[in-house]
Amino acid sequence: MSKTKINRRNFLKVLGLGGAGAALAGCDMPSYVTLEEGEEKIYSYLAPEEYVIPGVGVWYASTCLQCPAACGTHGRVREGRVLKLEGNPNTAVNAGKLCQMGQAALQAHFNPDRITEPLINGQPASWDDALALINEKATKNVAWMTGAISGHQRVLLDAHLAATGKGRHYAVETINARAWTDAGKAVLSDAMPTLHLDKAEAVLSLGADMLGTWISPVTFMGQYGQFRAAPRGVLMAVEPAMSLTGANADQWVAAKPGTEAAVALGVGHLLMTKHGLSLNSMPNATSAFQSMTPARVQDIAGVSEAALNKIADTLASRKPSLVVANASHAAARVAMALNIMLGNVGKTLTPGASIVADPLAPIMGSTKDLAEFAQNADAGKIDAVFITGANPAFIAPQGLNMAAALKAVGFKVALATCHDETTKVCDVVLPLSSALEDWGTHVPAYGGKPGVVHLQQPLMEPLHAETRGLGDILLTLGKSAGVDGLEAFEDYYGYLRTAVSAMIGSEQEGDWQRVLQAGQFEAPAQDHAFSTGSDVALGFSENADAGLHLVTVARQGLYDGRHANSSWLQEAPDQITKAVWDSWAEMHPKTAADFGLKDGDYVSLTTQGGAITTRIFTYKGVHPKAVCVPMGRGHTDYGRWASNGVNPLTIVDAHLGDWQSSEVLATATPVKISAVGENRHLVRLMDTDQQHGRKLVATISAQQFGRTQGGA
Amino acid sequence: MSSLLGNIFKGWSDYSKGNEEGGHHNYEHMYAMVIDLDKCTGCNACSTACYAENNLATVGEEYFGARQAMHWMRIERYFDEPNLEKAGSEADADTQSHGASFLPMMCQHCNAAPCEPVCPVAATYHTPDGLNAQIYNRCIGSRYCANNCPFRVRYFNFYDHQETAWPAPMEQQLNPDISVRSKGVMEKCTFCIQRTRAASNTAKNEGRAIRDGEIQTACQQTCPTSAILFGDLLDETSAVHQAWKRHQVQLGRYTQNKENPELRGYRIFEELNVDTKVLYLERVREV
Amino acid sequence: MSIERNKRKPFPWVKTAVAAVVVGALIVLGAQVFERQLHPESAGIAPAARVPGAEFPTDTFKGKDVPQPINYSHKLHAGDLGINCLYCHTYARRSKVAGIPPTAKCMGCHTVVGTDKPEIEKLTQMWQSNQSPAWNKVNDVPDFVHFSHERHLQKFLFDNPEMDIKNAPDVCAMCHGDMNQVGVAKKMKPLTMGFCIRCHENNQGPSDCTRCHK
């Protein structure tokens, strides 16, 4: 009898251990198990270009149209599909970088809810029928409403307007830099001076979200990287609710909504009285500075003397500095005056330059045009309107009566890629090719080399057979309206090629290819005439209302709501609150406590313009007298991903606004809040704002940074 | 058969060598990152670029709230600054007196990754490039790796999101160089391995080494402030190597021996001895 | 009734372990034998060195007949006419995919050659109506496998000093078998992971998972 007799108990153990050996054979499946064979299809090419190799991407240069900045892009195309966008390293506007809206341009193009055929009164129709109807109805008192526009599209648009009775072009942009450009024009005779953030030692921003949505964020962000390198610049922000720029500020100051100009004046006061600066060339400004004592600033804006002193001390001790503002026309003018007083002109603020070919120059858009459109439409001055790149039915405050105004216009044509609130009320809807399928030229308003023209070219064949490019539609309309010189061109590509060849002074194929490769070409530019210190009235008036005010800000992402149909951008957490997929009202914890509210409570926000209901989010990055509801959500007809949130633009008071320009989006609308009794948790990326003792983001003082030069 | 045994012996030899100080010796590359938290503005471009490049599915509000989203790169936002000594009184204690601090967080590709040894099927392991790799088709979904990750940067596909994330024609945007993951599989940042492979491929064709800056991860390429730096630590000319050297941070240590402790390079959770390969540069604040 | 009788014998660990290893090895070897039973051609006899400097994978597979829109014959073109694989499947040297040649390549000859044949007429009809033929993929690997033709051709053909490009068919035969013997394309190698791994082991290819799975 062996000691190691294999009995039942042992046998199973042995088998278990030995079975592991069989696993070694697992990489080889028995051959009767087939992998895919004849399951997938390959569609071979017919006659591809020689540089098209299946499996290898080809990069083409184009232009991003997700916001008015018009950054240059490179698109990676494989097997006839555009897969990824990157910044064009050769375009100075963005120097190879791209913001998240630019990345999401892919979704705007591949959106499943795109309009695929022309519509007449909501019913599918042919292009011929649609164009015939347009020829019949849009013959006089024609208006165009667009967003920011430039380049040859603008040329054709202007020509069409001229040929159809000299109607008006309304350029509408909810997010604009009107306050700044108007102040630049008034004070410096230069609407768009060049700012050198990278050379500044200190920057004060009064509601100018340079890093987020102001003018050309990618340009400023590129400079910001250098601004922070040794010697490190200091960023200060004054605003009623934290923007992305404010979120990166070393010193953030909460000011009562609409009082940023007072704060700026207070800073000027201290610079004069405490730091001995003077501004003799602008007596109006000087007297305004003198009368705005820190005590008054505390009273008006709720900003403490200590905070005000800190700003003034920083600006006085760090040269050169830069003061930017967009909160109001008055604030922008004061900012200009401060820049002059601080000696920044010529250092961090220099003359801008514009393209000589004025018809191509960018029109940046404003909400003033939106208001005037509503007025003129209501007064019966507009018989027909073409709308593209704008969604007035969504962005207009209720006080403008946009619905009635649009109804008053007899014939409305929308050119759009996706259905939205405006296309819903238009008589004819023309399906537009997306920005990635279309040709165009664009002159960046800021940040590019002077006179540069960016080229937009299709990155793939149109996804839908019936869409047409904006330029093509403009060309067709122009021909029908009898615009001279268009008959020779079969399509917009032909027109553009001829126009660009004329501008670059060559008709050679090679030179055209070079322009396409670079994604840009340079046209003659001229510097802006620059005068320092026209003594203008600053236009500051106190906001007497002591109650709560609604402010609505734009966050880079959903922007003014145009990107709400992108699932990436809906799921991208809001930079400040980290919330996703829904709206919220930012409120100071003390204010919430005063009303007996807690996080997640739903409140009704009522202004003179209407009411919206959303839940509150409390944090200290908002002034106690402000309630901030970022714009971007609240769509009713914008595709499958956009049906969430509320639209604060509807309840902004359309009759307030700076005295100078009647900009519709005032910084402060008086608002009443009341709880509606519901509470739901706001979905956020993270529910904590604190590190709870862990060293996640370590912070050091600027002195320490200075000692080590940042480790450089 | 003999090569099978040969492989086993080679693997054992590599593994045992790896426990010596400084980590493995037979690495071809050691890809690492440097993220300057003072330059990061929290704009989120990197995260969206990652979605576009790596076929990430969006999950919608409900699943996001259940912490089942796929953001391989996420930007965290904090308002406190615990390491900074505050001088003087907080005059504006009622409201924020300074901005926020943003933290881009993604797989740290730890050299001593706690996620690697616990996978029951070895679906995650360390490549000769120094990357922590995730092999989707091998993963059986035990989720032990995600459990172990101290940074919580591993994301599990609890559901199939293909219908909702890529309704036609959105599937045309998918990057063919990267697998599309289905339900039951773990995924995470790969340091854009498809770009790394493409660059090695090109370099090999041209018979040369990979140049510094030739590989750009999607997040790095799009970052508007150039806050992210990516490169090979083993290449002494690379910017990443220089940065790690300048900030006196070494691999293979759980506490650094800096000559100048004020240098702002640090690694998160270094004391856990996971040997991460992302060097963060401390945020600076004007006090 | 001594104490000895109640003493438990220690478990024979060593003997159990040895038995386990022996059984395990038997199972492994048995699986290999079973595998080779199905394919006597691949019973470890290597053909004459077709690709100098490389060990030629000997497994085979009985592929099924996959219908194609055009009954293209490899036997005629690659076999009788001796056209090099890379003439049509040009992309193999520069890309992950070898690619099906664009119709323009076929029409290069077939605008004049064999225009009366029914398959050519079919092809010409497709060419003239701008229609891409919808080929059914015969040699396919799952989507999570990222195979690069370029790297393999570089290693065995272009970077191999003993190989000339006119012998490209021998390199292609490593994974595709002798295509000059078949009419319409058929899968002739298993293309399982084991097949790939064995060749990698024999030819000093990379063993890093992420080379193919990413």
# chains A, B, ... in the order shown; residues from 1 in each chain; ligands from 1
call {"tool": "interface_residues", "arguments": {"of": "chain C", "to": "chain B", "cutoff": "9 Å", "atoms": "only C-alpha atoms", "output": "compact mmCIF listing (two decimals) with N, CA and C atoms, in the first residue's frame"}}
result
# COMPACT_ATOMS: atom_id res chain seq x y z
N ASP C 143 -11.51 44.17 -34.41
CA ASP C 143 -11.25 45.61 -34.37
C ASP C 143 -10.27 46.02 -33.30
N PHE C 144 -10.11 45.20 -32.25
CA PHE C 144 -9.20 45.61 -31.19
C PHE C 144 -7.76 45.16 -31.48
N VAL C 145 -7.56 44.62 -32.67
CA VAL C 145 -6.20 44.26 -33.08
C VAL C 145 -5.74 45.29 -34.09
N HIS C 146 -4.65 45.95 -33.81
CA HIS C 146 -4.16 46.97 -34.73
C HIS C 146 -2.89 46.44 -35.38
N GLU C 150 2.91 47.84 -42.74
CA GLU C 150 4.15 48.57 -43.01
C GLU C 150 5.31 48.00 -42.21
N ARG C 151 5.07 47.80 -40.92
CA ARG C 151 6.16 47.32 -40.08
C ARG C 151 6.64 45.94 -40.50
N GLN C 154 8.55 46.16 -43.76
CA GLN C 154 9.85 46.77 -43.52
C GLN C 154 10.81 45.71 -42.97
N GLU C 201 7.64 35.19 -31.66
CA GLU C 201 8.64 34.54 -30.82
C GLU C 201 9.79 34.00 -31.67
N ASN C 202 9.45 33.45 -32.82
CA ASN C 202 10.48 32.85 -33.67
C ASN C 202 11.33 33.88 -34.39
N ASP C 208 5.34 43.07 -26.61
CA ASP C 208 4.57 44.02 -25.82
C ASP C 208 3.13 44.04 -26.33
N CYS C 209 2.18 43.83 -25.42
CA CYS C 209 0.77 43.76 -25.81
C CYS C 209 0.32 45.01 -26.56
N THR C 210 0.81 46.18 -26.11
CA THR C 210 0.27 47.41 -26.69
C THR C 210 0.74 47.65 -28.12
N ARG C 211 1.64 46.86 -28.61
CA ARG C 211 2.02 47.01 -30.01
C ARG C 211 0.83 46.73 -30.92
N HIS C 213 -2.53 45.83 -29.42
CA HIS C 213 -3.80 46.09 -28.76
C HIS C 213 -3.75 47.45 -28.11
N LYS C 214 -4.44 48.45 -28.75
CA LYS C 214 -4.45 49.74 -28.08
C LYS C 214 -5.80 50.38 -28.20
call {"tool": "residues_around", "arguments": {"residues": "range 162-171 of chain B", "least_positions_apart": "3", "cutoff": "10 Å", "atoms": "only C-alpha atoms", "output": "list of chain:residue names"}}
result
A:Leu83, A:Leu106, A:Gln107, A:Ala108, A:His109, A:Phe110, A:Asn111, A:Pro112, A:Asp113, A:Arg114, A:Leu463, A:Ser567, A:Trp568, B:Asn55, B:Leu56, B:Ala57, B:Thr58, B:Val59, B:Gly60, B:Tyr159, B:Leu174, B:Asn175, B:Val180, B:Arg181, B:Ser182, B:Lys183
call {"tool": "write_last_selection", "arguments": {"atoms": "C-alpha atoms", "output": "PDB file, in the first residue's frame"}}
result
ATOM      1  CA  LEU A  83     -11.462  62.926 -37.400  1.00  0.00           C
ATOM      2  CA  LEU A 106     -16.431  68.070 -35.111  1.00  0.00           C
ATOM      3  CA  GLN A 107     -19.697  67.496 -33.317  1.00  0.00           C
ATOM      4  CA  ALA A 108     -21.258  70.536 -34.955  1.00  0.00           C
ATOM      5  CA  HIS A 109     -20.382  68.927 -38.252  1.00  0.00           C
ATOM      6  CA  PHE A 110     -21.402  65.336 -37.520  1.00  0.00           C
ATOM      7  CA  ASN A 111     -24.464  66.364 -35.533  1.00  0.00           C
ATOM      8  CA  PRO A 112     -27.226  63.771 -36.034  1.00  0.00           C
ATOM      9  CA  ASP A 113     -29.909  66.474 -35.989  1.00  0.00           C
ATOM     10  CA  ARG A 114     -28.700  68.412 -38.979  1.00  0.00           C
ATOM     11  CA  LEU A 463     -22.289  64.670 -45.367  1.00  0.00           C
ATOM     12  CA  SER A 567     -22.720  66.392 -26.166  1.00  0.00           C
ATOM     13  CA  TRP A 568     -19.029  66.928 -25.456  1.00  0.00           C
TER      14      TRP A 568
ATOM     15  CA  ASN B  55     -13.260  57.790 -28.736  1.00  0.00           C
ATOM     16  CA  LEU B  56     -14.629  58.680 -25.339  1.00  0.00           C
ATOM     17  CA  ALA B  57     -18.331  58.227 -24.902  1.00  0.00           C
ATOM     18  CA  THR B  58     -20.520  60.896 -23.360  1.00  0.00           C
ATOM     19  CA  VAL B  59     -22.870  59.386 -20.838  1.00  0.00           C
ATOM     20  CA  GLY B  60     -25.490  62.009 -20.021  1.00  0.00           C
ATOM     21  CA  TYR B 159     -22.947  50.322 -20.017  1.00  0.00           C
ATOM     22  CA  LEU B 174     -14.251  57.891 -34.303  1.00  0.00           C
ATOM     23  CA  ASN B 175     -10.490  57.530 -34.382  1.00  0.00           C
ATOM     24  CA  VAL B 180     -13.862  51.612 -29.196  1.00  0.00           C
ATOM     25  CA  ARG B 181     -14.556  50.064 -25.829  1.00  0.00           C
ATOM     26  CA  SER B 182     -17.689  48.126 -25.114  1.00  0.00           C
ATOM     27  CA  LYS B 183     -19.479  47.292 -21.906  1.00  0.00           C
TER      28      LYS B 183
END
call {"tool": "atom_distance", "arguments": {"atom1": "CA of Glu81 in chain B", "atom2": "CA of Gln68 in chain B"}}
result
28.7 Å
call {"tool": "interface_residues", "arguments": {"of": "chain B", "to": "chain A", "cutoff": "6 Å", "atoms": "only C-alpha atoms", "output": "short mmCIF file (atom, residue, chain, number, x, y, z; two decimals) with N, CA and C atoms, in the first residue's frame"}}
result
data_model
loop_
_atom_site.label_atom_id
_atom_site.label_comp_id
_atom_site.auth_asym_id
_atom_site.auth_seq_id
_atom_site.Cartn_x
_atom_site.Cartn_y
_atom_site.Cartn_z
N LYS B 39 0.19 77.85 -14.99
CA LYS B 39 -0.22 78.25 -16.33
C LYS B 39 -1.60 77.71 -16.66
N ALA B 45 -9.95 72.63 -22.40
CA ALA B 45 -9.70 72.24 -23.79
C ALA B 45 -9.07 70.86 -23.86
N THR B 48 -11.67 68.01 -23.60
CA THR B 48 -12.48 67.83 -24.81
C THR B 48 -11.64 67.26 -25.95
N ALA B 49 -10.38 67.69 -26.03
CA ALA B 49 -9.50 67.14 -27.07
C ALA B 49 -9.33 65.65 -26.86
N GLU B 61 -26.54 63.06 -18.12
CA GLU B 61 -26.59 63.56 -16.75
C GLU B 61 -26.71 62.46 -15.71
N GLY B 65 -23.90 61.68 -12.93
CA GLY B 65 -24.16 61.84 -11.51
C GLY B 65 -23.84 60.58 -10.72
N TYR B 78 -10.33 73.60 -7.07
CA TYR B 78 -10.33 73.79 -5.62
C TYR B 78 -10.22 75.26 -5.30
N PHE B 79 -10.85 75.61 -4.17
CA PHE B 79 -10.76 77.01 -3.75
C PHE B 79 -9.81 77.21 -2.58
N ASP B 80 -9.43 76.13 -1.91
CA ASP B 80 -8.56 76.35 -0.75
C ASP B 80 -7.10 76.25 -1.16
N ASN B 83 -1.36 75.07 1.55
CA ASN B 83 0.08 75.15 1.76
C ASN B 83 0.59 76.57 1.89
N LEU B 84 -0.31 77.50 1.59
CA LEU B 84 0.16 78.87 1.56
C LEU B 84 -0.05 79.53 2.91
N THR B 95 -16.35 87.14 0.60
CA THR B 95 -16.31 86.63 -0.77
C THR B 95 -14.90 86.11 -1.05
N GLN B 96 -14.80 85.37 -2.13
CA GLN B 96 -13.48 84.87 -2.54
C GLN B 96 -12.53 86.05 -2.70
N SER B 97 -11.33 85.92 -2.18
CA SER B 97 -10.37 87.01 -2.38
C SER B 97 -9.35 86.64 -3.45
N HIS B 98 -9.38 85.39 -3.87
CA HIS B 98 -8.49 84.99 -4.95
C HIS B 98 -9.22 83.97 -5.79
N GLY B 99 -8.65 83.66 -6.91
CA GLY B 99 -9.29 82.72 -7.82
C GLY B 99 -9.17 81.28 -7.35
N ALA B 100 -9.40 80.37 -8.27
CA ALA B 100 -9.38 78.95 -7.93
C ALA B 100 -8.06 78.32 -8.33
N ALA B 168 -25.72 58.04 -35.71
CA ALA B 168 -25.24 58.36 -37.06
C ALA B 168 -25.48 59.83 -37.37
N PRO B 169 -24.56 60.53 -38.04
CA PRO B 169 -23.29 60.04 -38.58
C PRO B 169 -22.09 60.25 -37.67
N MET B 170 -22.32 60.39 -36.36
CA MET B 170 -21.21 60.72 -35.48
C MET B 170 -20.17 59.63 -35.40
N GLN B 173 -16.70 60.09 -36.85
CA GLN B 173 -15.64 60.88 -36.23
C GLN B 173 -14.68 59.99 -35.43
N THR B 222 -3.34 70.72 -27.63
CA THR B 222 -4.37 71.76 -27.69
C THR B 222 -4.29 72.78 -26.57
N PRO B 224 -4.03 75.78 -24.65
CA PRO B 224 -3.72 77.12 -25.15
C PRO B 224 -2.61 77.83 -24.39
N THR B 225 -2.36 77.46 -23.14
CA THR B 225 -1.30 78.15 -22.41
C THR B 225 -0.01 77.35 -22.39
N HIS B 247 13.77 70.72 -11.35
CA HIS B 247 12.99 70.73 -10.12
C HIS B 247 13.45 69.68 -9.14
N LEU B 263 11.95 74.60 -4.81
CA LEU B 263 11.59 74.35 -6.21
C LEU B 263 10.21 73.73 -6.26
N ILE B 268 1.93 64.07 -6.95
CA ILE B 268 0.79 63.90 -6.04
C ILE B 268 0.83 62.51 -5.41
N GLU B 282 3.96 73.60 -8.72
CA GLU B 282 3.02 74.23 -7.80
C GLU B 282 2.43 75.51 -8.35
N ARG B 283 1.21 75.72 -8.02
CA ARG B 283 0.53 76.95 -8.38
C ARG B 283 1.13 78.08 -7.56
N VAL B 284 1.20 79.25 -8.17
CA VAL B 284 1.79 80.38 -7.46
C VAL B 284 0.69 81.37 -7.13
N ARG B 285 0.82 82.01 -6.00
CA ARG B 285 -0.18 82.98 -5.62
C ARG B 285 0.53 84.23 -5.11
N GLU B 286 0.11 85.33 -5.59
CA GLU B 286 0.61 86.60 -5.08
C GLU B 286 -0.10 86.84 -3.76
#
call {"tool": "select_by_dssp", "arguments": {"residues": "range 55-197 of chain C", "states": "alpha helix (DSSP H)", "output": "compact mmCIF listing (two decimals) with N, CA and C atoms, in the first residue's frame"}}
result
# COMPACT_ATOMS: atom_id res chain seq x y z
N HIS C 74 -6.66 35.73 -58.36
CA HIS C 74 -5.24 35.94 -58.03
C HIS C 74 -4.37 34.99 -58.82
N CYS C 85 2.69 41.33 -55.78
CA CYS C 85 1.63 41.73 -54.84
C CYS C 85 1.59 43.24 -54.65
N LEU C 86 2.78 43.83 -54.52
CA LEU C 86 2.83 45.24 -54.18
C LEU C 86 2.42 46.15 -55.32
N TYR C 87 2.29 45.58 -56.51
CA TYR C 87 1.81 46.43 -57.61
C TYR C 87 0.38 46.89 -57.33
N CYS C 88 -0.42 45.98 -56.86
CA CYS C 88 -1.81 46.35 -56.56
C CYS C 88 -1.98 46.78 -55.11
N THR C 103 -9.93 51.24 -58.22
CA THR C 103 -10.38 50.74 -59.52
C THR C 103 -9.53 51.28 -60.66
N ALA C 104 -8.99 52.48 -60.46
CA ALA C 104 -8.14 53.07 -61.50
C ALA C 104 -6.97 52.17 -61.85
N LYS C 105 -6.48 51.46 -60.85
CA LYS C 105 -5.35 50.56 -61.11
C LYS C 105 -5.77 49.42 -62.04
N CYS C 106 -6.96 48.86 -61.78
CA CYS C 106 -7.45 47.78 -62.65
C CYS C 106 -7.65 48.31 -64.06
N MET C 107 -8.29 49.49 -64.12
CA MET C 107 -8.61 50.04 -65.43
C MET C 107 -7.36 50.39 -66.20
N GLY C 108 -6.25 50.57 -65.50
CA GLY C 108 -4.98 50.82 -66.17
C GLY C 108 -4.71 49.80 -67.26
N CYS C 109 -5.03 48.55 -66.99
CA CYS C 109 -4.89 47.52 -68.03
C CYS C 109 -6.22 47.24 -68.71
N HIS C 110 -7.26 47.18 -67.90
CA HIS C 110 -8.52 46.64 -68.41
C HIS C 110 -9.35 47.58 -69.23
N PRO C 118 -16.99 38.92 -69.07
CA PRO C 118 -18.13 39.45 -68.29
C PRO C 118 -17.71 40.16 -67.01
N GLU C 119 -16.69 39.64 -66.31
CA GLU C 119 -16.27 40.30 -65.06
C GLU C 119 -15.68 41.67 -65.36
N ILE C 120 -14.92 41.77 -66.44
CA ILE C 120 -14.35 43.07 -66.80
C ILE C 120 -15.45 44.05 -67.17
N GLU C 121 -16.46 43.53 -67.85
CA GLU C 121 -17.59 44.40 -68.21
C GLU C 121 -18.26 44.92 -66.95
N LYS C 122 -18.41 44.02 -65.98
CA LYS C 122 -19.02 44.42 -64.70
C LYS C 122 -18.19 45.52 -64.06
N LEU C 123 -16.88 45.32 -64.07
CA LEU C 123 -15.98 46.28 -63.45
C LEU C 123 -16.04 47.62 -64.15
N THR C 124 -16.03 47.56 -65.49
CA THR C 124 -16.04 48.79 -66.27
C THR C 124 -17.33 49.57 -66.02
N GLN C 125 -18.40 48.83 -65.89
CA GLN C 125 -19.68 49.45 -65.61
C GLN C 125 -19.64 50.20 -64.28
N MET C 126 -19.04 49.55 -63.28
CA MET C 126 -18.92 50.20 -61.96
C MET C 126 -18.03 51.43 -62.05
N TRP C 127 -16.96 51.30 -62.81
CA TRP C 127 -16.00 52.41 -62.93
C TRP C 127 -16.68 53.61 -63.56
N GLN C 128 -17.48 53.32 -64.60
CA GLN C 128 -18.09 54.43 -65.32
C GLN C 128 -19.22 55.08 -64.54
N HIS C 149 0.79 46.55 -41.62
CA HIS C 149 1.49 45.92 -42.74
C HIS C 149 2.86 46.52 -42.92
N GLU C 150 2.91 47.84 -42.74
CA GLU C 150 4.15 48.57 -43.01
C GLU C 150 5.31 48.00 -42.21
N ARG C 151 5.07 47.80 -40.92
CA ARG C 151 6.16 47.32 -40.08
C ARG C 151 6.64 45.94 -40.50
N HIS C 152 5.69 45.09 -40.89
CA HIS C 152 6.08 43.73 -41.23
C HIS C 152 6.81 43.69 -42.55
N LEU C 153 6.36 44.50 -43.50
CA LEU C 153 7.08 44.56 -44.78
C LEU C 153 8.46 45.16 -44.60
N ALA C 168 8.63 39.77 -53.04
CA ALA C 168 7.60 40.16 -52.06
C ALA C 168 6.56 39.07 -51.84
N PRO C 169 6.12 38.35 -52.88
CA PRO C 169 5.11 37.31 -52.64
C PRO C 169 5.49 36.32 -51.57
N ASP C 170 6.79 36.07 -51.38
CA ASP C 170 7.18 35.14 -50.33
C ASP C 170 6.89 35.71 -48.96
N VAL C 171 7.10 37.01 -48.81
CA VAL C 171 6.82 37.64 -47.51
C VAL C 171 5.32 37.66 -47.27
N CYS C 172 4.57 38.05 -48.28
CA CYS C 172 3.12 38.09 -48.12
C CYS C 172 2.58 36.70 -47.79
N ALA C 173 3.23 35.66 -48.34
CA ALA C 173 2.76 34.29 -48.11
C ALA C 173 2.88 33.88 -46.66
N MET C 174 3.68 34.60 -45.87
CA MET C 174 3.82 34.25 -44.45
C MET C 174 2.48 34.27 -43.74
N CYS C 175 1.65 35.24 -44.12
CA CYS C 175 0.34 35.36 -43.48
C CYS C 175 -0.81 35.10 -44.42
N HIS C 176 -0.55 35.24 -45.70
CA HIS C 176 -1.66 35.10 -46.63
C HIS C 176 -1.58 33.82 -47.43
N MET C 193 -4.35 34.76 -32.58
CA MET C 193 -3.29 35.41 -31.82
C MET C 193 -2.11 34.45 -31.63
N GLY C 194 -2.42 33.19 -31.46
CA GLY C 194 -1.34 32.22 -31.30
C GLY C 194 -0.44 32.18 -32.52
N PHE C 195 -1.05 32.28 -33.66
CA PHE C 195 -0.30 32.32 -34.92
C PHE C 195 0.65 33.52 -34.94
N CYS C 196 0.13 34.68 -34.56
CA CYS C 196 0.97 35.88 -34.55
C CYS C 196 2.07 35.76 -33.51
N ILE C 197 1.70 35.31 -32.31
CA ILE C 197 2.67 35.23 -31.22
C ILE C 197 3.80 34.27 -31.55
call {"tool": "decode", "arguments": {"residues": "range 163-177 of chain C", "atoms": "N, CA and C atoms", "output": "mmCIF file, in the first residue's frame"}}
result
data_model
loop_
_atom_site.group_PDB
_atom_site.id
_atom_site.type_symbol
_atom_site.label_atom_id
_atom_site.label_comp_id
_atom_site.auth_asym_id
_atom_site.auth_seq_id
_atom_site.Cartn_x
_atom_site.Cartn_y
_atom_site.Cartn_z
ATOM 1 N N MET C 163 16.632 40.073 -49.150
ATOM 2 C CA MET C 163 15.379 40.008 -49.885
ATOM 3 C C MET C 163 15.321 41.080 -50.946
ATOM 4 N N ASP C 164 14.768 40.724 -52.075
ATOM 5 C CA ASP C 164 14.558 41.699 -53.147
ATOM 6 C C ASP C 164 13.052 41.912 -53.295
ATOM 7 N N ILE C 165 12.694 43.072 -53.738
ATOM 8 C CA ILE C 165 11.268 43.388 -53.787
ATOM 9 C C ILE C 165 10.508 42.458 -54.721
ATOM 10 N N LYS C 166 11.214 41.871 -55.683
ATOM 11 C CA LYS C 166 10.485 40.987 -56.598
ATOM 12 C C LYS C 166 10.103 39.684 -55.915
ATOM 13 N N ASN C 167 10.675 39.451 -54.727
ATOM 14 C CA ASN C 167 10.279 38.281 -53.950
ATOM 15 C C ASN C 167 9.262 38.613 -52.875
ATOM 16 N N ALA C 168 8.628 39.767 -53.042
ATOM 17 C CA ALA C 168 7.603 40.160 -52.060
ATOM 18 C C ALA C 168 6.555 39.073 -51.840
ATOM 19 N N PRO C 169 6.119 38.354 -52.877
ATOM 20 C CA PRO C 169 5.108 37.315 -52.645
ATOM 21 C C PRO C 169 5.493 36.320 -51.566
ATOM 22 N N ASP C 170 6.786 36.074 -51.383
ATOM 23 C CA ASP C 170 7.181 35.138 -50.330
ATOM 24 C C ASP C 170 6.888 35.714 -48.961
ATOM 25 N N VAL C 171 7.095 37.009 -48.811
ATOM 26 C CA VAL C 171 6.819 37.643 -47.515
ATOM 27 C C VAL C 171 5.322 37.660 -47.268
ATOM 28 N N CYS C 172 4.571 38.047 -48.285
ATOM 29 C CA CYS C 172 3.117 38.088 -48.122
ATOM 30 C C CYS C 172 2.579 36.702 -47.790
ATOM 31 N N ALA C 173 3.235 35.664 -48.344
ATOM 32 C CA ALA C 173 2.764 34.287 -48.115
ATOM 33 C C ALA C 173 2.881 33.878 -46.660
ATOM 34 N N MET C 174 3.676 34.598 -45.874
ATOM 35 C CA MET C 174 3.822 34.248 -44.455
ATOM 36 C C MET C 174 2.480 34.273 -43.739
ATOM 37 N N CYS C 175 1.654 35.241 -44.122
ATOM 38 C CA CYS C 175 0.345 35.355 -43.482
ATOM 39 C C CYS C 175 -0.808 35.105 -44.422
ATOM 40 N N HIS C 176 -0.555 35.242 -45.701
ATOM 41 C CA HIS C 176 -1.659 35.099 -46.634
ATOM 42 C C HIS C 176 -1.575 33.816 -47.431
ATOM 43 N N GLY C 177 -0.540 33.039 -47.210
ATOM 44 C CA GLY C 177 -0.382 31.815 -47.981
ATOM 45 C C GLY C 177 -0.028 32.142 -49.427
#
